[in-house]
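*Asks:* Below you'll find structure.txt; it's compact mmCIF, C-alpha atoms and all ligand atoms.
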# COMPACT_ATOMS: atom_id res chain seq x y z
CA MET A 1 -5.23 -13.80 -12.47
CA LYS A 2 -5.05 -14.89 -16.10
CA ILE A 3 -5.44 -13.38 -19.55
CA ASN A 4 -6.58 -15.35 -22.59
CA VAL A 5 -4.43 -14.46 -25.60
CA SER A 6 -5.81 -17.00 -28.11
CA ASN A 7 -7.29 -14.33 -30.42
CA VAL A 8 -4.29 -12.08 -30.01
CA LEU A 9 -1.99 -14.90 -31.12
CA ARG A 10 -4.01 -15.43 -34.30
CA ASN A 11 -4.88 -11.89 -35.34
CA LEU A 12 -2.40 -9.05 -35.65
CA ASP A 13 -4.89 -6.30 -34.88
CA SER A 14 -6.84 -7.89 -32.07
CA ARG A 15 -6.41 -7.17 -28.41
CA ALA A 16 -7.34 -8.94 -25.24
CA GLU A 17 -8.26 -7.23 -22.00
CA ALA A 18 -8.55 -8.64 -18.53
CA SER A 19 -9.09 -7.25 -15.10
CA GLY A 20 -9.18 -9.06 -11.85
CA GLU A 21 -7.38 -9.74 -8.63
CA VAL A 22 -4.25 -11.50 -7.49
CA LEU A 23 -4.78 -13.18 -4.15
CA VAL A 24 -1.65 -13.45 -2.04
CA SER A 25 -1.22 -12.67 1.64
CA HIS A 26 2.54 -12.02 1.60
CA ILE A 27 5.30 -11.11 -0.83
CA ASP A 28 8.86 -12.13 -0.13
CA TYR A 29 11.20 -9.19 -0.61
CA MET A 30 14.86 -10.08 -0.15
CA GLY A 31 14.06 -12.29 2.83
CA GLU A 32 11.58 -9.82 4.29
CA ASP A 33 7.88 -10.58 4.43
CA ILE A 34 5.63 -7.87 3.06
CA ARG A 35 2.01 -8.24 4.12
CA VAL A 36 -0.62 -7.80 1.42
CA ASN A 37 -3.79 -6.48 3.07
CA LYS A 38 -6.30 -6.77 0.23
CA PRO A 39 -6.56 -8.63 -3.08
CA ILE A 40 -4.23 -6.91 -5.58
CA LYS A 41 -6.22 -5.19 -8.31
CA VAL A 42 -4.91 -5.65 -11.84
CA SER A 43 -6.04 -4.63 -15.31
CA ALA A 44 -4.10 -5.69 -18.39
CA VAL A 45 -4.20 -5.39 -22.17
CA ALA A 46 -2.43 -7.75 -24.59
CA VAL A 47 -1.72 -6.77 -28.20
CA ASN A 48 -0.02 -8.72 -30.99
CA ASN A 49 2.82 -6.50 -32.26
CA GLY A 50 3.91 -8.83 -35.06
CA ARG A 51 6.90 -10.36 -33.27
CA ASP A 52 5.53 -11.08 -29.82
CA ILE A 53 2.76 -9.94 -27.52
CA SER A 54 2.90 -6.56 -25.80
CA LEU A 55 1.31 -6.62 -22.40
CA THR A 56 0.55 -3.42 -20.52
CA GLY A 57 -1.36 -2.98 -17.34
CA LYS A 58 -2.05 -1.31 -14.04
CA ILE A 59 -1.61 -2.59 -10.51
CA LYS A 60 -3.01 -1.39 -7.21
CA ALA A 61 -1.80 -3.11 -4.06
CA ASP A 62 -2.52 -2.40 -0.40
CA LEU A 63 0.61 -3.36 1.52
CA THR A 64 2.07 -3.12 4.99
CA LEU A 65 5.63 -1.77 4.93
CA LYS A 66 8.09 -1.00 7.70
CA CYS A 67 9.06 2.65 8.06
CA SER A 68 12.80 3.03 7.39
CA ARG A 69 13.04 5.78 10.04
CA CYS A 70 10.89 4.75 13.04
CA LEU A 71 10.66 1.01 12.13
CA LYS A 72 6.88 0.93 12.62
CA ASP A 73 4.56 -0.91 10.24
CA PHE A 74 2.34 1.32 8.13
CA GLU A 75 -0.17 0.90 5.33
CA TYR A 76 1.13 1.73 1.86
CA VAL A 77 -1.03 1.78 -1.24
CA LEU A 78 1.16 1.07 -4.24
CA GLU A 79 -0.11 2.00 -7.68
CA THR A 80 2.01 1.26 -10.69
CA GLU A 81 1.88 0.48 -14.39
CA PHE A 82 3.78 -2.24 -16.18
CA GLU A 83 4.86 -3.11 -19.67
CA GLU A 84 6.12 -6.56 -20.66
CA LYS A 85 6.64 -8.64 -23.75
CA LEU A 86 5.36 -12.19 -23.96
CA SER A 87 6.77 -14.71 -26.39
CA LYS A 88 6.19 -18.32 -27.33
CA GLU A 89 9.82 -18.63 -28.35
CA SER A 90 12.23 -19.61 -25.64
CA GLY A 91 15.60 -17.93 -25.86
CA ASN A 92 14.12 -14.48 -26.40
CA ASP A 93 15.69 -12.62 -23.49
CA ASP A 94 13.56 -9.51 -23.92
CA ALA A 95 10.33 -11.39 -23.46
CA ILE A 96 8.66 -13.58 -20.88
CA HIS A 97 8.20 -17.08 -22.23
CA PHE A 98 4.76 -18.65 -22.07
CA GLU A 99 3.03 -21.77 -23.33
CA GLY A 100 -0.52 -22.30 -24.48
CA GLU A 101 -3.07 -19.52 -24.84
CA ILE A 102 -3.75 -18.49 -21.27
CA VAL A 103 -1.13 -16.49 -19.46
CA ASP A 104 -0.99 -16.38 -15.68
CA LEU A 105 -0.13 -12.83 -14.63
CA THR A 106 0.63 -13.57 -10.98
CA ASP A 107 4.44 -13.59 -11.27
CA ILE A 108 4.45 -10.55 -13.57
CA VAL A 109 2.30 -8.61 -11.10
CA LEU A 110 4.37 -9.58 -8.05
CA ASN A 111 7.66 -8.78 -9.82
CA ASN A 112 6.39 -5.38 -10.86
CA ILE A 113 5.28 -4.63 -7.31
CA LEU A 114 8.78 -5.45 -6.02
CA LEU A 115 10.31 -3.18 -8.69
CA SER A 116 8.06 -0.31 -7.63
CA LEU A 117 8.59 -0.49 -3.88
CA PRO A 118 10.18 2.62 -2.37
CA MET A 119 13.85 2.11 -1.41
CA LYS A 120 13.35 3.85 1.93
CA PRO A 121 9.67 3.74 2.83
CA VAL A 122 8.50 6.29 5.39
CA CYS A 123 5.26 6.20 7.39
CA ARG A 124 4.91 9.91 6.72
CA GLU A 125 7.13 12.51 5.08
CA ASP A 126 7.98 14.23 8.36
CA CYS A 127 8.60 11.05 10.40
CA LYS A 128 11.31 11.99 12.89
CA GLY A 129 12.58 8.44 13.28
CA LEU A 130 14.43 6.98 16.22
CA CYS A 131 17.07 8.73 18.31
CA PRO A 132 20.41 7.30 17.16
CA LYS A 133 21.66 7.41 20.76
CA CYS A 134 18.89 6.06 22.98
CA GLY A 135 16.57 4.55 20.34
CA SER A 136 13.40 6.29 21.52
CA ASP A 137 10.77 7.20 18.94
CA MET A 138 11.22 10.91 18.30
CA ASN A 139 7.61 11.16 17.06
CA ILE A 140 6.41 10.34 20.58
CA ASP A 141 9.19 10.96 23.09
CA LYS A 142 11.41 13.93 23.41
CA CYS A 143 14.53 12.29 24.75
CA ARG A 144 17.27 14.52 26.10
CA CYS A 145 20.11 13.28 23.91
CA ALA A 146 19.81 16.05 21.33
CA GLU A 147 19.34 18.78 23.94
CA LYS A 148 22.60 17.89 25.64
CA ASP A 149 24.50 18.30 22.41
CA ILE A 150 23.00 21.26 20.66
CA ASP A 151 20.83 23.31 23.00
CA PRO A 152 22.70 26.64 23.18
CA ARG A 153 21.57 27.25 26.77
CA PHE A 154 23.45 24.18 27.88
CA SER A 155 26.63 25.18 26.08
CA VAL A 156 26.50 28.56 27.82
CA LEU A 157 26.26 26.78 31.16
CA LYS A 158 29.17 24.53 30.23
CA ASP A 159 31.28 27.57 29.43
CA LEU A 160 30.39 29.13 32.79
CA PHE A 161 31.57 26.05 34.65
CA LYS A 162 34.75 25.92 32.60
CA GLY A 163 35.61 29.42 33.83
CA ASP A 164 35.80 28.23 37.45
ZN ZN A 201 8.12 6.42 10.63
ZN ZN A 202 17.78 9.91 22.67
Once more with this new file: its structure as structure tokens, please.
Ligand SMILES: [Zn+2]
Ligand SMILES: [Zn+2]
*Replies:*
Amino acid sequence: MKINVSNVLRNLDSRAEASGEVLVSHIDYMGEDIRVNKPIKVSAVAVNNGRDISLTGKIKADLTLKCSRCLKDFEYVLETEFEEKLSKESGNDDAIHFEGEIVDLTDIVLNNILLSLPMKPVCREDCKGLCPKCGSDMNIDKCRCAEKDIDPRFSVLKDLFKGD
């Protein structure tokens, strides 16, 4: 997706708007492949602020993430806003350098998605995760590992046997 900033470059008080889609099927996240299920929806506004161009926008992405507790894939709709500066001058560390009058927003959008991803995604707030001992999915199976350790009835029995 691109935004045409030709007017914005020339006139201090003009703005450019664009909305559209970024079409990618995967995003690489630290060596992990994140599936993108639908075209990423983006709207953006560019304004000349006198020094460089301020770009603000909104992103909506339908992703498949892996639950950090039960390790299952689940659908995650990420909605975020972004704010960047664009500059024709190279060497301006605060701004993203661009050439010409049409700015491709693909990298900006993908970077902002990566910045907004949850550190520990969960398929649902109350996901019970996997048993640390036997690895079974606690959302489905009730393994006996936890019972053995904490069920008070068992500890009473243990004490009875100890008395023998
Ligand atoms: Zn889960
Ligand atoms: Zn277990």
*Asks:* Near Leu65 of chain A, within 9 Å and counting all atoms listed in the file, which residues show up once chain neighbours fewer than 2 positions away are dropped, as a list in words?
*Replies:*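 Listing them by chain and then by number gives Ile34, Arg35, Leu63, Cys67, Ser68, Lys72, Asp73, Phe74, Glu75, Tyr76, Pro121, Val122 and Cys123 of chain A.
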*Asks:* What does the distance between atom CA of Asn11 of chain A and atom CA of Ser54 of chain A come to in Å, to one decimal place?
*Replies:*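 Distance between the two atoms: 13.4 Å.
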*Asks:* A:Cys134, A:Ile102, A:Val36, A:Cys127: which is nearest ligand ZN 201 (chain A), counting only C-alpha atoms and all ligand atoms?
*Replies:* A:Cys127
*Asks:* Between A:Cys70, A:Ala46, A:Ile27, A:Val5, which one has atoms that come closest to Val109 of chain A, using only C-alpha atoms?
*Replies:*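 Distance minimum relative to Val109 of chain A lands on A:Ile27.
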*Asks:* At a cut-off of 12 Å from (-7.4, -17.2, 1.1) in the coordinates of the file, what residues are picked up using only C-alpha atoms, written as a list in words?
*Replies:*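 The distance filter leaves exactly Val22, Leu23, Val24, Ser25, His26, Val36, Asn37, Lys38 and Pro39 of chain A.
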*Asks:* Name each residue within 12 Å of ligand ZN 202 (chain A), counting only C-alpha atoms and all ligand atoms, as a VMD selection string.
*Replies:* chain A and resid 128 to 149
*Asks:* Give me, please, the distance in Å between atom CA of Ala61 of chain A and atom CA of Glu21 of chain A, quoted to one decimal.
*Replies:* 9.8 Å
*Asks:* Could you please determine the separation between atom CA of Gly57 of chain A and atom CA of Glu125 of chain A in Å, to one decimal place?
*Replies:*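 About the pair atom CA of Gly57 of chain A and atom CA of Glu125 of chain A: they are 28.5 Å apart.
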*Asks:* Could you pull the residues within 9 Å of segment 12-18 of chain A, counting only C-alpha atoms, minus those fewer than 4 positions along the same chain, as a PyMOL selection string?
*Replies:* chain A and resi 1-8+42-50
*Asks:* For the residues selected in the previous step, produce a file with C-alpha atoms as a tab-separated table (two decimals), in the coordinates of the input.
*Replies:*
chain	number	residue	atom	x	y	z
A	1	MET	CA	-5.23	-13.80	-12.47
A	2	LYS	CA	-5.05	-14.89	-16.10
A	3	ILE	CA	-5.44	-13.38	-19.55
A	4	ASN	CA	-6.58	-15.35	-22.59
A	5	VAL	CA	-4.43	-14.46	-25.60
A	6	SER	CA	-5.81	-17.00	-28.11
A	7	ASN	CA	-7.29	-14.33	-30.42
A	8	VAL	CA	-4.29	-12.08	-30.01
A	42	VAL	CA	-4.91	-5.65	-11.84
A	43	SER	CA	-6.04	-4.63	-15.31
A	44	ALA	CA	-4.10	-5.69	-18.39
A	45	VAL	CA	-4.20	-5.39	-22.17
A	46	ALA	CA	-2.43	-7.75	-24.59
A	47	VAL	CA	-1.72	-6.77	-28.20
A	48	ASN	CA	-0.02	-8.72	-30.99
A	49	ASN	CA	2.82	-6.50	-32.26
A	50	GLY	CA	3.91	-8.83	-35.06
*Asks:* Could you list, as a ChimeraX atom specification, every residue within 12 Å of Glu89 of chain A, counting all atoms listed in the file and ignoring same-chain residues fewer than 5 positions away?
*Replies:* /A:51-53,94-100
*Asks:* So, with only C-alpha atoms and all ligand atoms as the atoms that count, which of A:Leu71, A:Val77, A:Met30, A:Leu86 lies closest to ligand ZN 201 (chain A)?
*Replies:* A:Leu71
